[in-house]
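Undergrad: After the structure tokens below, expect a handful of questions from me.
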Amino acid sequence: MNDVKIARRGLLMSGLALMTAGCTPISFAYPGGGGSYLNPRLRRQRVQYSGSEAPGTLVVNTDERYLYAVEGDGSATRYGIAVGQEGLTLKGRAEVGRKEEWPSWTPTASMIQRKPRLAQYAGGVPGGPENPLGARALYLYQNGKDTLFRLHGTNEPWLIGQAVSNGCIRLTNEDVEYLYNTTPLGTPVLIV
């Protein structure tokens, strides 16, 4: 019986060592939204904002891994995001040209070329909890044309804060639902 206690103690201590080393994701639940898999710094929160963008603008900072919804009083609502892998993120100005609840997803030809395993989804994936675009999508347009880049939810919230996507900006489903409800069509977007 003592061997079992030692084994349990050893298991507990090794698990603690892994958690403190950052090898194990730690789950946090909090009332502010944004899911239960996030580091607290990535949760949706109101912050001071000193940028020059007009109130109502969405500013996506791909280096910081934050999206800012600029408000009129020197503040913004900040969201933790996942961004595109190196070289795959849209940069510059766009606007929200379309919005969808539980959008369908079809990989682009360039996605399939980079990741041939995506060919199995070439016919599209219907909207729903298993869809990679998550609960909501805001479609980014430039000069009236769809850029094929999206601000969207994810069924992999533990990836928020990383550079993992094919270029789109991912938010937790809770956060994208909030953003969807507070962002009208035509909203300007700046991606830096």
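All residue names refer to the structure tokens as shown: chains lettered A, B, ... in order, residues numbered from 1 in each chain, ligands numbered from 1 in order.
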Quick one: residues within 6 Å of A:Arg136, only C-alpha atoms, excluding same-chain residues fewer than 5 positions away - as a list of chain:residue names?
TA: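 Those residues are A:Glu100, A:Glu101, A:Trp102, A:His152, A:Gly153.
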Undergrad: With a distance cut-off of 10 Å and only C-alpha atoms, select the neighbouring residues of A:Leu159, excluding the residue or stretch itself and same-chain residues fewer than 2 positions from it, and output the selection as number ranges by chain.
TA: A: 37-38, 81-83, 154-157, 161-165, 170-172
Undergrad: Write out as number ranges by chain the set of residues from stretch 68-180 of chain A that DSSP, computed on the backbone, places in alpha helix (DSSP H).
TA: A: 109-114, 173-180
Undergrad: Please provide the set of residues having any atom within 10 Å of A:Gly144, restricted to only C-alpha atoms, with same-chain residues fewer than 2 positions apart removed, written as a list in words.
TA: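 Neighbouring residues, sequence-local ones excluded: Ala94, Glu95, Gly97, Leu140, Tyr141, Gln142, Asp146 and Thr147 of chain A.
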Undergrad: For the residues in that selection, give me N, CA and C atoms as a short mmCIF file (atom, residue, chain, number, x, y, z; two decimals), in the first residue's frame.
TA:
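Output (selection-v7.cif):
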```
data_model
loop_
_atom_site.label_atom_id
_atom_site.label_comp_id
_atom_site.auth_asym_id
_atom_site.auth_seq_id
_atom_site.Cartn_x
_atom_site.Cartn_y
_atom_site.Cartn_z
N ALA A 94 -9.46 47.09 -44.11
CA ALA A 94 -10.58 46.35 -44.68
C ALA A 94 -11.84 46.85 -43.97
N GLU A 95 -12.95 46.22 -44.28
CA GLU A 95 -14.18 46.52 -43.55
C GLU A 95 -14.99 45.24 -43.44
N GLY A 97 -17.77 43.25 -44.36
CA GLY A 97 -18.68 43.29 -45.50
C GLY A 97 -19.82 42.29 -45.40
N LEU A 140 -14.12 39.89 -44.08
CA LEU A 140 -13.39 41.14 -44.38
C LEU A 140 -13.36 41.40 -45.88
N TYR A 141 -13.73 42.62 -46.23
CA TYR A 141 -13.78 43.06 -47.62
C TYR A 141 -12.83 44.23 -47.82
N GLN A 142 -12.28 44.34 -49.03
CA GLN A 142 -11.51 45.50 -49.47
C GLN A 142 -12.06 45.93 -50.82
N ASP A 146 -14.58 40.39 -51.37
CA ASP A 146 -14.24 39.49 -50.28
C ASP A 146 -12.75 39.17 -50.33
N THR A 147 -12.04 39.39 -49.22
CA THR A 147 -10.61 39.10 -49.15
C THR A 147 -10.33 37.62 -48.88
#
```
Undergrad: Which parts of stretch 16-173 of chain A does DSSP call strand (DSSP E or B) when run on the backbone here, written out as an NGL selection string?
TA: :A and (28 or 37 or 45-48 or 58-61 or 66-70 or 75-80 or 82-84 or 92-101 or 105 or 125 or 136-142 or 145-152 or 163-165 or 169-170)
Undergrad: Near A:Pro188, counting only C-alpha atoms, which residues have an atom at most 12 Å away, once you skip same-chain residues fewer than 6 positions from it, shown as a VMD selection string?
TA: chain A and resid 53 to 60 68 to 70 92 to 97 138 to 143
Undergrad: Could you write those residues out with C-alpha atoms, as a PDB file, in the first residue's frame?
TA:
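Saved file part_20.pdb follows:
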```pdb
ATOM      1  CA  GLU A  53      -8.028  54.982 -34.901  1.00  0.00           C
ATOM      2  CA  ALA A  54     -11.566  56.375 -34.713  1.00  0.00           C
ATOM      3  CA  PRO A  55     -14.115  54.932 -32.295  1.00  0.00           C
ATOM      4  CA  GLY A  56     -15.919  51.995 -33.855  1.00  0.00           C
ATOM      5  CA  THR A  57     -12.785  50.705 -35.606  1.00  0.00           C
ATOM      6  CA  LEU A  58     -11.484  47.161 -35.058  1.00  0.00           C
ATOM      7  CA  VAL A  59      -7.685  47.085 -34.768  1.00  0.00           C
ATOM      8  CA  VAL A  60      -6.005  43.689 -35.087  1.00  0.00           C
ATOM      9  CA  TYR A  68      -9.117  46.037 -30.094  1.00  0.00           C
ATOM     10  CA  ALA A  69     -12.674  47.336 -30.567  1.00  0.00           C
ATOM     11  CA  VAL A  70     -11.960  51.063 -30.221  1.00  0.00           C
ATOM     12  CA  GLY A  92      -3.816  46.772 -44.018  1.00  0.00           C
ATOM     13  CA  ARG A  93      -7.333  48.180 -44.054  1.00  0.00           C
ATOM     14  CA  ALA A  94     -10.582  46.353 -44.679  1.00  0.00           C
ATOM     15  CA  GLU A  95     -14.183  46.517 -43.551  1.00  0.00           C
ATOM     16  CA  VAL A  96     -16.768  44.067 -42.291  1.00  0.00           C
ATOM     17  CA  GLY A  97     -18.676  43.285 -45.495  1.00  0.00           C
ATOM     18  CA  LEU A 138     -17.206  38.533 -39.836  1.00  0.00           C
ATOM     19  CA  TYR A 139     -16.058  38.579 -43.467  1.00  0.00           C
ATOM     20  CA  LEU A 140     -13.394  41.136 -44.375  1.00  0.00           C
ATOM     21  CA  TYR A 141     -13.781  43.059 -47.624  1.00  0.00           C
ATOM     22  CA  GLN A 142     -11.514  45.504 -49.472  1.00  0.00           C
ATOM     23  CA  ASN A 143     -12.911  47.740 -52.207  1.00  0.00           C
TER      24      ASN A 143
END
```
Undergrad: Please determine, counting only C-alpha atoms, which residue among A:Asp73, A:Gln113, A:Ala137, A:Gly123 has the shortest atom-to-atom distance to A:Asp175.
TA: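 Under the stated criterion, the closest residue is A:Ala137.
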Undergrad: Counting only C-alpha atoms, what is within 8 Å of A:Asn131, bar same-chain residues fewer than 4 positions away, as a PDB file with C-alpha atoms, in the first residue's frame?
TA:
```pdb
ATOM      1  CA  PRO A 103     -20.994  29.795 -41.114  1.00  0.00           C
ATOM      2  CA  SER A 104     -20.039  26.992 -43.454  1.00  0.00           C
ATOM      3  CA  TRP A 105     -16.379  26.611 -44.407  1.00  0.00           C
ATOM      4  CA  VAL A 125     -18.139  21.786 -44.036  1.00  0.00           C
ATOM      5  CA  PRO A 126     -21.608  22.859 -42.893  1.00  0.00           C
ATOM      6  CA  GLY A 127     -21.942  25.303 -40.015  1.00  0.00           C
ATOM      7  CA  THR A 154     -12.929  28.463 -33.235  1.00  0.00           C
ATOM      8  CA  ASN A 155     -13.574  24.952 -32.013  1.00  0.00           C
TER       9      ASN A 155
END
```
Undergrad: Please compute the atom CA of A:Arg78-atom CA of A:Tyr66 distance, one decimal, in Å.
TA: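 Taking atom CA of A:Arg78 as the start and atom CA of A:Tyr66 as the end point, the length is 6.4 Å.
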Undergrad: Distance atom CA of A:Leu90-atom CA of A:Arg114, one decimal place?
TA: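 One can read the atom CA of A:Leu90 to atom CA of A:Arg114 distance as 16.8 Å.
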Undergrad: Interatomic distance between atom CA of A:Ala119 and atom CA of A:Trp158?
TA: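 The value is 24.7 Å.
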